[in-house]
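Content type compact mmCIF, C-alpha atoms and all ligand atoms, from the file entry.txt:
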```
# COMPACT_ATOMS: atom_id res chain seq x y z
CA MET A 157 7.39 -23.83 -15.30
CA MET A 158 8.86 -21.59 -12.67
CA ARG A 159 8.41 -18.55 -14.81
CA LYS A 160 7.88 -16.28 -11.88
CA SER A 161 10.35 -15.39 -9.26
CA ALA A 162 9.37 -15.75 -5.67
CA LYS A 163 9.28 -12.01 -5.62
CA THR A 164 6.63 -11.79 -8.29
CA ALA A 165 4.64 -14.62 -6.80
CA PHE A 166 4.63 -12.74 -3.54
CA THR A 167 3.56 -9.55 -5.22
CA ALA A 168 0.75 -11.41 -6.88
CA VAL A 169 -0.68 -12.33 -3.53
CA LEU A 170 -0.60 -8.73 -2.49
CA ALA A 171 -1.99 -7.64 -5.77
CA ALA A 172 -4.88 -9.97 -5.30
CA ALA A 173 -7.18 -7.08 -4.62
CA VAL A 174 -6.42 -5.70 -8.04
CA ALA A 175 -8.90 -7.26 -10.40
CA ALA A 176 -7.58 -9.96 -12.61
CA ALA A 177 -9.25 -8.83 -15.82
CA PRO A 178 -6.98 -9.72 -18.76
CA PHE A 179 -4.93 -6.88 -20.11
CA HIS A 180 -4.54 -5.77 -23.64
CA THR A 181 -2.32 -8.17 -25.51
CA VAL A 182 0.33 -5.55 -26.07
CA PHE A 183 1.26 -6.00 -22.45
CA ALA A 184 1.39 -9.70 -22.68
CA SER A 185 3.92 -9.65 -25.47
CA GLU A 186 6.06 -6.92 -23.97
CA ALA A 187 5.91 -8.61 -20.66
CA PHE A 188 6.83 -11.93 -22.07
CA CYS A 189 10.10 -10.59 -23.39
CA LYS A 190 10.91 -9.19 -20.06
CA ALA A 191 9.79 -12.30 -18.29
CA SER A 192 11.90 -14.59 -20.40
CA LYS A 193 14.98 -12.60 -19.58
CA ALA A 194 14.45 -11.87 -15.94
CA SER A 195 12.24 -14.73 -14.99
CA ALA A 196 12.64 -17.67 -13.15
CA ALA A 197 13.75 -17.67 -9.86
CA PHE A 198 13.32 -19.68 -6.86
CA ALA A 199 14.29 -16.97 -4.91
CA LEU A 200 15.04 -16.28 -1.44
CA HIS A 201 14.82 -12.80 -0.27
CA SER A 202 17.01 -11.60 2.45
CA ILE A 203 16.70 -8.16 3.82
CA GLY A 204 18.21 -6.06 6.57
CA PRO A 205 18.47 -5.19 9.32
CA GLY A 206 21.37 -2.80 9.18
CA LEU A 207 19.47 0.39 9.73
CA ASN A 208 19.78 2.64 12.70
CA ASN A 209 16.53 2.10 14.51
CA LEU A 210 14.56 5.34 14.43
CA SER A 211 12.12 4.22 17.11
CA LEU A 212 14.19 2.32 19.65
CA GLU A 213 11.26 1.18 21.76
CA ASP A 214 9.74 -0.47 18.70
CA GLU A 215 12.38 -3.10 18.02
CA ASN A 216 11.12 -4.03 14.55
CA ALA A 217 11.47 -0.44 13.37
CA GLU A 218 15.05 -1.21 12.33
CA PHE A 219 13.52 -3.03 9.35
CA GLN A 220 11.27 -0.11 8.34
CA TRP A 221 13.50 1.40 5.66
CA ALA A 222 10.62 3.52 4.39
CA PHE A 223 10.85 5.70 7.48
CA GLN A 224 14.63 5.95 7.66
CA ASN A 225 16.91 4.69 4.93
CA ASP A 226 20.57 5.16 5.77
CA GLY A 227 21.73 3.15 2.77
CA ASN A 228 22.82 0.14 4.79
CA LEU A 229 20.09 -2.15 3.62
CA ASN A 230 20.23 -4.49 0.72
CA GLU A 231 18.08 -7.16 -0.74
CA THR A 232 19.53 -10.24 -2.32
CA GLU A 233 17.46 -12.38 -4.58
CA ARG A 234 18.69 -15.73 -5.87
CA ARG A 235 17.68 -16.41 -9.42
CA ILE A 236 18.22 -19.46 -11.55
CA ASN A 237 20.83 -18.88 -14.21
CA PHE A 238 19.25 -20.63 -17.21
CA GLU A 239 22.46 -20.65 -19.14
CA SER A 240 23.97 -22.90 -16.51
CA ILE A 241 21.32 -25.56 -17.02
CA ASP A 242 21.91 -28.41 -19.43
CA ASP A 243 19.92 -28.05 -22.65
CA LEU A 244 18.49 -31.45 -22.03
CA TYR A 245 16.15 -29.86 -19.51
CA VAL A 246 15.23 -26.74 -21.47
CA HIS A 247 12.75 -26.30 -24.29
CA TYR A 248 13.16 -23.26 -26.53
CA GLY A 249 10.09 -21.75 -28.18
CA LYS A 250 9.85 -18.81 -30.54
CA ASN A 251 9.99 -16.36 -27.65
CA GLY A 252 12.95 -17.93 -25.94
CA ILE A 253 12.76 -20.49 -23.23
CA ASP A 254 9.16 -21.64 -22.87
CA ALA A 255 9.51 -24.70 -20.71
CA ILE A 256 12.03 -26.14 -18.37
CA SER A 257 12.14 -29.22 -16.26
CA ILE A 258 14.21 -28.87 -13.21
CA PRO A 259 17.36 -30.96 -12.88
CA PRO A 260 19.17 -31.32 -9.60
CA LEU A 261 20.58 -27.87 -9.01
CA GLY A 262 23.77 -26.81 -7.37
CA PRO A 263 25.05 -23.45 -6.20
CA ASN A 264 26.47 -22.74 -9.64
CA ASN A 265 22.98 -22.68 -11.12
CA PHE A 266 22.06 -19.52 -9.24
CA ASN A 267 22.97 -15.89 -9.58
CA ALA A 268 22.60 -13.50 -6.71
CA VAL A 269 20.96 -10.24 -7.71
CA SER A 270 21.28 -7.42 -5.25
CA THR A 271 19.24 -4.28 -4.90
CA VAL A 272 21.21 -1.72 -2.99
CA ALA A 273 19.63 0.94 -0.85
CA VAL A 274 20.28 4.60 -1.48
CA ALA A 275 20.57 6.70 1.66
CA GLY A 276 17.83 9.30 1.99
CA ILE A 277 15.24 7.39 -0.04
CA ASP A 278 12.70 7.48 2.76
CA ILE A 279 9.64 9.51 3.74
CA ASN A 280 11.65 11.75 6.10
CA ILE A 281 9.43 11.14 9.11
CA ARG A 282 11.64 11.77 12.15
CA GLU A 283 11.42 15.57 12.25
CA ALA A 284 7.75 15.41 11.25
CA TRP A 285 7.07 13.38 14.41
CA ASP A 286 8.84 16.05 16.48
CA ILE A 287 6.84 18.82 14.84
CA TYR A 288 3.62 16.90 15.39
CA SER A 289 4.27 16.21 19.06
CA GLN A 290 5.04 19.89 19.67
CA THR A 291 1.90 21.06 17.90
CA GLU A 292 -0.99 22.32 19.99
CA ASN A 293 -4.63 22.24 18.93
CA LYS A 294 -4.44 19.09 16.89
CA ARG A 295 -7.73 17.89 15.47
CA PRO A 296 -8.98 14.31 15.43
CA VAL A 297 -9.04 12.61 12.03
CA THR A 298 -10.90 9.50 10.91
CA VAL A 299 -9.37 7.39 8.15
CA ALA A 300 -11.68 4.94 6.39
CA LEU A 301 -9.75 1.84 5.35
CA ILE A 302 -11.87 0.12 2.72
CA ASP A 303 -9.98 -3.13 2.28
CA THR A 304 -10.03 -6.60 3.74
CA GLY A 305 -10.75 -6.52 7.47
CA VAL A 306 -8.32 -5.50 10.19
CA ASP A 307 -7.14 -7.54 13.18
CA PHE A 308 -8.00 -4.82 15.67
CA THR A 309 -6.75 -7.01 18.56
CA HIS A 310 -3.14 -6.64 17.32
CA LYS A 311 -1.15 -4.96 20.08
CA ASP A 312 0.15 -2.33 17.65
CA LEU A 313 -3.40 -1.45 16.53
CA THR A 314 -5.70 -1.54 19.55
CA SER A 315 -5.16 2.15 20.28
CA CYS A 316 -5.75 3.50 16.76
CA MET A 317 -9.09 1.91 15.92
CA TRP A 318 -12.08 4.15 15.33
CA VAL A 319 -14.84 3.65 17.85
CA ASN A 320 -18.40 4.61 17.05
CA ALA A 321 -19.16 6.37 20.32
CA ASP A 322 -22.89 6.50 19.63
CA GLU A 323 -23.24 2.74 19.29
CA ILE A 324 -23.65 0.44 22.30
CA PRO A 325 -21.78 -2.80 21.53
CA ASP A 326 -23.48 -6.18 21.33
CA ASP A 327 -27.01 -5.16 22.30
CA GLY A 328 -28.50 -6.06 18.92
CA ILE A 329 -29.80 -2.50 18.54
CA ASP A 330 -28.79 0.19 16.04
CA ASN A 331 -28.38 2.78 18.80
CA ASP A 332 -27.18 5.62 16.57
CA GLY A 333 -29.78 4.91 13.90
CA ASN A 334 -27.27 4.86 11.05
CA GLY A 335 -28.75 1.67 9.62
CA TYR A 336 -26.04 -0.67 10.95
CA ILE A 337 -26.49 -2.72 14.12
CA ASP A 338 -23.59 -2.77 16.63
CA ASP A 339 -21.14 -1.14 14.21
CA VAL A 340 -18.51 -0.31 16.80
CA ASN A 341 -15.24 -0.25 14.81
CA GLY A 342 -16.62 -0.35 11.27
CA TRP A 343 -18.60 -2.80 9.18
CA ASN A 344 -18.24 -5.97 7.11
CA PHE A 345 -19.94 -5.17 3.80
CA LEU A 346 -19.28 -8.63 2.40
CA GLU A 347 -21.30 -10.44 5.01
CA GLY A 348 -23.50 -7.63 6.26
CA ASN A 349 -22.39 -7.77 9.88
CA ASN A 350 -20.08 -6.07 12.37
CA GLN A 351 -17.28 -8.69 12.19
CA ILE A 352 -14.46 -6.66 10.67
CA TYR A 353 -11.86 -9.31 11.47
CA THR A 354 -12.51 -12.76 10.09
CA GLY A 355 -9.04 -14.32 10.14
CA ARG A 356 -6.08 -14.84 7.88
CA GLU A 357 -7.75 -13.29 4.81
CA ASP A 358 -7.51 -9.94 6.57
CA VAL A 359 -3.73 -9.68 6.27
CA HIS A 360 -3.90 -6.98 3.57
CA GLY A 361 -5.99 -4.53 5.58
CA THR A 362 -4.13 -5.27 8.82
CA HIS A 363 -0.83 -4.45 7.11
CA ALA A 364 -2.18 -1.14 5.77
CA ALA A 365 -3.53 -0.17 9.19
CA GLY A 366 -0.08 -0.63 10.77
CA THR A 367 1.60 1.62 8.21
CA ILE A 368 -0.98 4.33 8.79
CA ALA A 369 -1.01 4.39 12.58
CA ALA A 370 0.70 1.51 14.45
CA SER A 371 1.51 2.60 17.98
CA LYS A 372 4.87 4.09 18.89
CA GLY A 373 7.11 3.24 21.81
CA ASP A 374 5.58 -0.09 22.80
CA GLY A 375 7.36 -2.76 20.76
CA GLY A 376 6.67 -4.12 17.30
CA VAL A 377 6.61 -1.60 14.48
CA VAL A 378 5.76 2.07 14.32
CA GLY A 379 3.20 3.77 12.08
CA ILE A 380 3.21 7.22 10.49
CA ALA A 381 0.34 8.97 12.25
CA ASP A 382 -0.36 9.26 15.98
CA GLY A 383 -3.14 6.81 16.78
CA SER A 384 -4.37 8.94 19.66
CA TYR A 385 -5.61 11.51 17.11
CA VAL A 386 -5.85 9.51 13.89
CA LYS A 387 -8.39 6.69 14.04
CA ILE A 388 -8.90 3.90 11.54
CA MET A 389 -12.44 2.91 10.57
CA SER A 390 -12.26 -0.62 9.20
CA LEU A 391 -14.68 -1.19 6.33
CA LYS A 392 -14.31 -4.72 5.04
CA ALA A 393 -15.37 -4.79 1.41
CA LEU A 394 -12.76 -7.24 0.11
CA GLY A 395 -12.05 -10.76 1.25
CA GLY A 396 -11.84 -14.42 0.44
CA SER A 397 -8.67 -16.14 -0.70
CA GLU A 398 -8.38 -13.84 -3.72
CA GLY A 399 -8.97 -10.61 -1.83
CA MET A 400 -11.84 -9.66 -4.10
CA GLY A 401 -14.87 -7.48 -3.59
CA SER A 402 -17.71 -6.05 -5.64
CA ALA A 403 -18.20 -2.45 -6.69
CA ASP A 404 -21.51 -2.51 -4.81
CA SER A 405 -19.78 -3.36 -1.52
CA VAL A 406 -17.19 -0.63 -2.05
CA ILE A 407 -19.83 1.95 -2.96
CA GLU A 408 -21.79 1.12 0.19
CA ALA A 409 -18.58 1.37 2.23
CA ILE A 410 -17.75 4.79 0.79
CA ARG A 411 -21.24 6.01 1.68
CA TYR A 412 -20.89 4.62 5.20
CA ALA A 413 -17.47 6.24 5.65
CA GLU A 414 -18.71 9.64 4.64
CA ALA A 415 -21.93 9.44 6.67
CA ASN A 416 -20.00 8.40 9.78
CA GLY A 417 -17.41 11.13 9.74
CA ALA A 418 -14.35 9.88 7.84
CA GLN A 419 -12.32 12.60 6.13
CA ILE A 420 -9.66 10.47 4.41
CA CYS A 421 -10.22 7.16 2.63
CA ASN A 422 -7.58 4.60 1.62
CA LEU A 423 -8.36 2.40 -1.41
CA SER A 424 -5.52 -0.08 -2.01
CA PHE A 425 -7.21 -1.95 -4.86
CA GLY A 426 -8.40 -1.47 -8.38
CA SER A 427 -10.09 -2.81 -11.45
CA ARG A 428 -9.86 -2.25 -15.20
CA GLU A 429 -13.59 -1.62 -15.31
CA VAL A 430 -15.95 0.01 -12.86
CA PRO A 431 -19.60 1.03 -13.01
CA GLU A 432 -20.48 4.69 -13.57
CA GLU A 433 -21.99 4.84 -10.09
CA PHE A 434 -18.62 4.07 -8.50
CA ILE A 435 -17.02 6.97 -10.35
CA SER A 436 -19.76 9.41 -9.37
CA VAL A 437 -19.68 8.32 -5.71
CA VAL A 438 -15.94 9.08 -5.56
CA ARG A 439 -16.30 12.33 -7.49
CA ASP A 440 -19.14 13.64 -5.33
CA SER A 441 -17.57 12.67 -2.00
CA HIS A 442 -16.13 15.21 0.43
CA MET A 443 -13.42 12.74 1.43
CA LEU A 444 -9.84 12.71 0.16
CA PHE A 445 -9.17 9.33 -1.50
CA ILE A 446 -5.68 7.89 -1.52
CA VAL A 447 -5.44 5.01 -3.97
CA SER A 448 -2.84 2.55 -5.23
CA ALA A 449 -1.72 2.80 -8.86
CA GLY A 450 -1.72 -1.00 -9.31
CA ASN A 451 0.88 -3.73 -9.64
CA GLY A 452 1.28 -4.13 -13.37
CA ASP A 453 0.04 -6.71 -15.83
CA LYS A 454 -0.26 -10.44 -15.31
CA TYR A 455 3.52 -10.71 -15.27
CA GLU A 456 3.63 -7.93 -12.66
CA ILE A 457 5.29 -5.51 -15.02
CA GLY A 458 4.07 -1.97 -14.38
CA PHE A 459 2.34 -0.05 -17.16
CA ASP A 460 1.13 3.45 -17.99
CA ILE A 461 -2.35 3.95 -16.56
CA ASP A 462 -2.79 7.19 -18.52
CA LYS A 463 -3.03 4.96 -21.58
CA TYR A 464 -4.60 1.86 -20.03
CA PRO A 465 -6.76 3.05 -17.15
CA VAL A 466 -7.14 1.28 -13.84
CA TYR A 467 -9.84 2.48 -11.44
CA PRO A 468 -9.91 4.30 -9.13
CA ALA A 469 -6.22 5.16 -9.74
CA SER A 470 -6.86 6.72 -13.16
CA LEU A 471 -9.55 9.07 -11.86
CA THR A 472 -8.12 12.59 -12.10
CA PHE A 473 -10.52 14.22 -9.66
CA ASP A 474 -9.13 16.81 -7.25
CA ASN A 475 -10.02 14.55 -4.32
CA VAL A 476 -7.97 11.54 -5.52
CA ILE A 477 -4.25 10.95 -4.97
CA SER A 478 -2.82 7.98 -6.92
CA VAL A 479 0.34 6.45 -5.54
CA ALA A 480 3.14 4.46 -7.23
CA ASN A 481 5.50 2.02 -5.50
CA LEU A 482 9.04 3.22 -4.89
CA SER A 483 11.80 0.85 -3.88
CA PHE A 484 14.67 1.68 -1.53
CA ASN A 485 16.99 2.33 -4.45
CA GLY A 486 15.01 5.42 -5.47
CA LYS A 487 13.39 3.81 -8.53
CA LEU A 488 9.88 2.58 -9.09
CA ASP A 489 9.49 -1.11 -8.42
CA ASP A 490 9.27 -3.03 -11.72
CA SER A 491 5.72 -4.04 -10.83
CA SER A 492 4.47 -0.52 -10.15
CA ASN A 493 2.09 1.16 -12.56
CA TYR A 494 2.83 4.78 -13.40
CA GLY A 495 1.29 7.62 -15.36
CA PRO A 496 2.69 11.12 -15.85
CA TYR A 497 -0.79 12.57 -15.52
CA ASN A 498 -2.92 10.06 -13.62
CA VAL A 499 -0.43 8.94 -10.96
CA ASP A 500 0.34 11.74 -8.53
CA ILE A 501 3.20 10.71 -6.28
CA ALA A 502 5.44 7.79 -5.32
CA ALA A 503 5.88 6.32 -1.86
CA PRO A 504 7.74 3.30 -0.47
CA GLY A 505 5.97 0.02 -1.25
CA SER A 506 8.67 -2.63 -1.63
CA LEU A 507 9.48 -4.91 1.29
CA ILE A 508 7.44 -2.90 3.74
CA LEU A 509 7.30 -4.30 7.26
CA SER A 510 4.00 -3.90 9.07
CA THR A 511 1.39 -5.66 11.17
CA ILE A 512 -0.41 -8.86 10.18
CA PRO A 513 -3.03 -10.84 12.11
CA GLY A 514 -2.10 -12.60 15.33
CA ASN A 515 0.32 -10.04 16.79
CA SER A 516 2.70 -10.78 13.92
CA TYR A 517 4.65 -8.79 11.34
CA ALA A 518 5.50 -9.35 7.69
CA PHE A 519 7.17 -7.75 4.71
CA MET A 520 4.81 -7.07 1.84
CA THR A 521 5.33 -5.49 -1.57
CA GLY A 522 3.00 -3.57 -3.86
CA THR A 523 1.29 -0.25 -4.46
CA SER A 524 -1.13 -1.49 -1.78
CA MET A 525 1.67 -0.74 0.67
CA SER A 526 2.50 2.66 -0.91
CA ALA A 527 -0.96 4.22 -0.64
CA PRO A 528 -1.14 3.81 3.18
CA MET A 529 2.13 5.75 3.47
CA VAL A 530 0.46 8.75 1.85
CA THR A 531 -2.73 8.16 3.83
CA GLY A 532 -0.79 8.24 7.12
CA ALA A 533 0.97 11.44 6.09
CA ALA A 534 -2.25 13.10 4.91
CA ALA A 535 -3.94 12.27 8.21
CA MET A 536 -0.98 13.61 10.20
CA LEU A 537 -0.88 16.89 8.26
CA TYR A 538 -4.65 17.38 8.38
CA SER A 539 -4.60 16.75 12.13
CA ALA A 540 -1.68 19.09 12.84
CA ARG A 541 -2.96 22.04 10.83
CA PRO A 542 -6.67 22.63 11.39
CA GLU A 543 -6.60 25.61 9.02
CA LEU A 544 -6.03 23.32 6.05
CA SER A 545 -8.73 21.86 3.82
CA LEU A 546 -8.39 18.35 2.42
CA GLN A 547 -7.65 19.97 -0.93
CA ASP A 548 -4.80 21.89 0.72
CA VAL A 549 -3.48 18.59 2.08
CA LYS A 550 -3.35 17.07 -1.38
CA ASN A 551 -1.71 20.16 -2.86
CA ILE A 552 0.92 20.29 -0.13
CA LEU A 553 1.79 16.58 -0.35
CA MET A 554 2.33 17.02 -4.09
CA ALA A 555 4.25 20.31 -3.90
CA SER A 556 6.49 19.25 -1.01
CA SER A 557 7.39 15.88 -2.51
CA HIS A 558 11.06 14.96 -2.78
CA LYS A 559 11.82 15.25 -6.49
CA LEU A 560 13.69 12.32 -7.99
CA ALA A 561 15.13 12.06 -11.48
CA PHE A 562 13.65 8.60 -11.99
CA LEU A 563 10.13 9.84 -11.27
CA LYS A 564 10.04 12.56 -13.92
CA GLY A 565 7.53 11.52 -16.54
CA LYS A 566 6.31 8.68 -14.29
CA VAL A 567 4.25 10.59 -11.71
CA LEU A 568 2.69 14.04 -11.90
CA SER A 569 4.63 15.53 -8.98
CA SER A 570 7.92 13.94 -10.10
CA GLY A 571 8.46 13.18 -6.45
CA MET A 572 8.19 10.84 -3.50
CA LEU A 573 6.39 11.49 -0.24
CA ASP A 574 8.35 13.78 2.15
CA VAL A 575 6.44 14.10 5.42
CA THR A 576 8.71 16.64 7.11
CA ALA A 577 8.62 18.92 4.07
CA ALA A 578 4.83 18.65 4.05
CA MET A 579 4.56 19.47 7.76
CA LYS A 580 6.75 22.57 7.26
CA TRP A 581 5.14 23.71 4.00
CA GLY A 582 4.07 27.34 4.08
CA LYS A 583 5.57 27.90 7.53
CA GLN A 584 8.71 29.73 8.57
CA CA A 601 -25.35 1.83 14.19
CA CA A 602 -25.81 -1.43 19.46
CA CA A 603 4.65 -0.24 18.11
```

Rewrite the structure of this file - the entire thing - as structure tokens.
Ligand SMILES: [Ca+2]
Ligand SMILES: [Ca+2]
Ligand SMILES: [Ca+2]
Amino acid sequence: MMRKSAKTAFTAVLAAAVAAAPFHTVFASEAFCKASKASAAFALHSIGPGLNNLSLEDENAEFQWAFQNDGNLNETERRINFESIDDLYVHYGKNGIDAISIPPLGPNNFNAVSTVAVAGIDINIREAWDIYSQTENKRPVTVALIDTGVDFTHKDLTSCMWVNADEIPDDGIDNDGNGYIDDVNGWNFLEGNNQIYTGREDVHGTHAAGTIAASKGDGGVVGIADGSYVKIMSLKALGGSEGMGSADSVIEAIRYAEANGAQICNLSFGSREVPEEFISVVRDSHMLFIVSAGNGDKYEIGFDIDKYPVYPASLTFDNVISVANLSFNGKLDDSSNYGPYNVDIAAPGSLILSTIPGNSYAFMTGTSMSAPMVTGAAAMLYSARPELSLQDVKNILMASSHKLAFLKGKVLSSGMLDVTAAMKWGKQ
């Protein structure tokens, strides 16, 4: 028992949207070795603050290391030290410890494991915000967030929600004739209605929305893009306690997004198998898809999706950007999938603070948190520079990425998201 650390258990919740199909046994055995060494923790995470707050009016921004990492943050995890536990309580199998009953534990039974931040491992947003606010002729952008629902009543999100201007709310009539009745902020494809927020199960989508475009200067957290130009269309195609959804729901949501004017689409989920129709719908879309690379095998150990594909992350179409999860020490999180060809870029995804339902905030970890970073940046760049195509946006995000030694051979660009470099790319 207690094979997983609290960290991995937490990640598993966030990874819930990644389908639970069993992986090839090669992973299970590799992962087991790793798990038997590093496993087992009852762990408490402590994190920050200790950062200089980059958005003083948003008091929780001091915890948002992804936006400004001055190296003063560290994470401490308490793990059980197996060797300190009397053999009476431990059963050894052929792969090491395979069972343990828990004796009364004292402080000596734990090791503290620290992950130390490296200054400058952030998305370099501050100057990008300045450039954006000084830019004239910005264009509006609609981001389709196909995910769980979004708590659009959250005070950090009310101003960035997409509104279907051609639809009259609550009159029971499909005023714009798009086939969906009273679809004001998006649609719930699971239940076939306009209720995009259904409660606690919508934490995953609400968190992504905050990273993309939470409001600035009004308390809480801050998001990447300016919600007065960048609007989030909430398309609920995943839900329930497991955060699952069908390919049919997602396909219908992609078609809705495109038909109703979205240019950029965030897909923070995946599956080992998808129908051919899903692949062709993505391939033939005019939208730019930003997708999460996935959170590893059943032990949450990341693997190479060039060799063992996960969809949509392993799709190598020009209109797909696959994103790996970078931690604040400049390395991929252990749980992050990678792929020197299929994964394009890394972005912060470990201990990311953002919005959750009920005007609350929480840290979450996973590639599901990394993709919205790139989505926010793509929307900001596309809005600021109307001369760019969506293909240009992808090319610039890749070319301008901050190259890191640890990412070489892990992601195609060998780099992490750098928003200021992207905003300045090709300019004086
Ligand atoms: Ca309608
Ligand atoms: Ca209506
Ligand atoms: Ca805010």

Write out as a Markdown table a residue-level contact list of chain A versus ligand CA 601 (chain A) with cut-off 10 Å: for each qualifying residue the closest pair of atoms and the distance in Å to one decimal, counting all atoms listed in the file, rows sorted by chain and residue number upward.
```
| residue | atom | partner | partner_atom | distance |
| --- | --- | --- | --- | --- |
| A:Asn320 | CA | A:CA601 | CA | 8.0 |
| A:Ala321 | CA | A:CA601 | CA | 9.8 |
| A:Asp322 | CA | A:CA601 | CA | 7.6 |
| A:Glu323 | CA | A:CA601 | CA | 5.6 |
| A:Ile324 | CA | A:CA601 | CA | 8.4 |
| A:Pro325 | CA | A:CA601 | CA | 9.4 |
| A:Gly328 | CA | A:CA601 | CA | 9.7 |
| A:Ile329 | CA | A:CA601 | CA | 7.6 |
| A:Asp330 | CA | A:CA601 | CA | 4.2 |
| A:Asn331 | CA | A:CA601 | CA | 5.6 |
| A:Asp332 | CA | A:CA601 | CA | 4.8 |
| A:Gly333 | CA | A:CA601 | CA | 5.4 |
| A:Asn334 | CA | A:CA601 | CA | 4.8 |
| A:Gly335 | CA | A:CA601 | CA | 5.7 |
| A:Tyr336 | CA | A:CA601 | CA | 4.2 |
| A:Ile337 | CA | A:CA601 | CA | 4.7 |
| A:Asp338 | CA | A:CA601 | CA | 5.5 |
| A:Asp339 | CA | A:CA601 | CA | 5.2 |
| A:Val340 | CA | A:CA601 | CA | 7.6 |
| A:Gly342 | CA | A:CA601 | CA | 9.5 |
| A:Trp343 | CA | A:CA601 | CA | 9.6 |
| A:Asn350 | CA | A:CA601 | CA | 9.7 |
| A:Asn416 | CA | A:CA601 | CA | 9.6 |
```

So the first atom is CA of Glu433 (chain A) and the second is CA of Leu394 (chain A); what is the distance between them in Å, to one decimal place?
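If I compute the distance from CA of Glu433 (chain A) to CA of Leu394 (chain A), I get 18.3 Å.
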
Would you please work out which residue, of A:Ala518, A:Ala540, A:Leu212, A:Ala273, is nearest to Asn293 (chain A) when using only C-alpha atoms?
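Of the candidates, the smallest distance to Asn293 (chain A) is held by A:Ala540.
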
Which is closer to ligand CA 603 (chain A) than all the others in A:Phe562, A:His247, A:Ser570, A:Ala217, using only C-alpha atoms and all ligand atoms?
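That would be A:Ala217, the residue with the smallest distance to ligand CA 603 (chain A).
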
Env of region 360-370 of chain A: 8 Å cut, atoms = all atoms listed in the file, seq-sep filter 2 positions within chain, self excluded. Answer as number ranges by chain.
A: 170, 301, 303-308, 312-313, 316, 357-358, 372, 377-383, 386-388, 510-513, 524-525, 528-529, 531-533

Please list, as a VMD selection string, the residues that have an atom at most 8 Å away from (4.8, -4.9, 18.3) in the coordinates of this file, counting all atoms listed in the file.
chain A and resid 214 to 216 311 to 312 374 to 377 511 515 to 517

Which of these, A:Thr521, A:Phe434, A:Ser405, A:His442, has the shortest distance to Gly417 (chain A) once you count only C-alpha atoms?
A:His442

Which is closest to Gly486 (chain A) among A:Gly396, A:Gly355, A:Pro504, A:Gly252, if we use only C-alpha atoms?
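Using only C-alpha atoms, the shortest distance to Gly486 (chain A) belongs to A:Pro504.
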
A:Leu509, A:Ile457, A:Ala415, A:Leu244: which is nearest ligand CA 603 (chain A), counting all atoms listed in the file?
A:Leu509

Given all atoms listed in the file as the basis, pick out the residue of A:Glu408, A:Ser506, A:Pro468, A:Glu456 nearest to Val430 (chain A).
A:Pro468

May I ask for the distance between CA of Asn267 (chain A) and CA of Gly505 (chain A), given in Å to one decimal place?
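Separation between CA of Asn267 (chain A) and CA of Gly505 (chain A): 24.7 Å.
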
So which residues touch region 275-286 of chain A within 6 Å, counting all atoms listed in the file, skipping near sequence neighbours fewer than 3 positions away, as a list of chain:residue names?
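Contacts, with the query itself left out: A:Ala222, A:Phe223, A:Gln224, A:Asn225, A:Asp226, A:Gly227, A:Ser289, A:Phe484, A:Gly486, A:Leu573, A:Asp574, A:Val575, A:Thr576.
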
Starting from the point (20.1, -31.4, -15.9), work out which residues of protein, DNA or RNA have an atom no more than 6 Å away when counting only C-alpha atoms; state them as a list in words.
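Every polymer residue passing the test: Asp242, Tyr245 and Pro259 of chain A.
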
Tell me, in Å to one decimal, how far CA of Met579 (chain A) is from CA of Ala527 (chain A).
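These two atoms are separated by 18.3 Å.
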
Can you pull out the residues contacting Asn481 (chain A)? Cut-off 12 Å, using all atoms listed in the file, and skip same-chain residues under 6 positions away; I want them as a PyMOL selection string.
chain A and resi 167+222+424+447-452+458+487-494+499-508+520-530+563+566-567+571-573
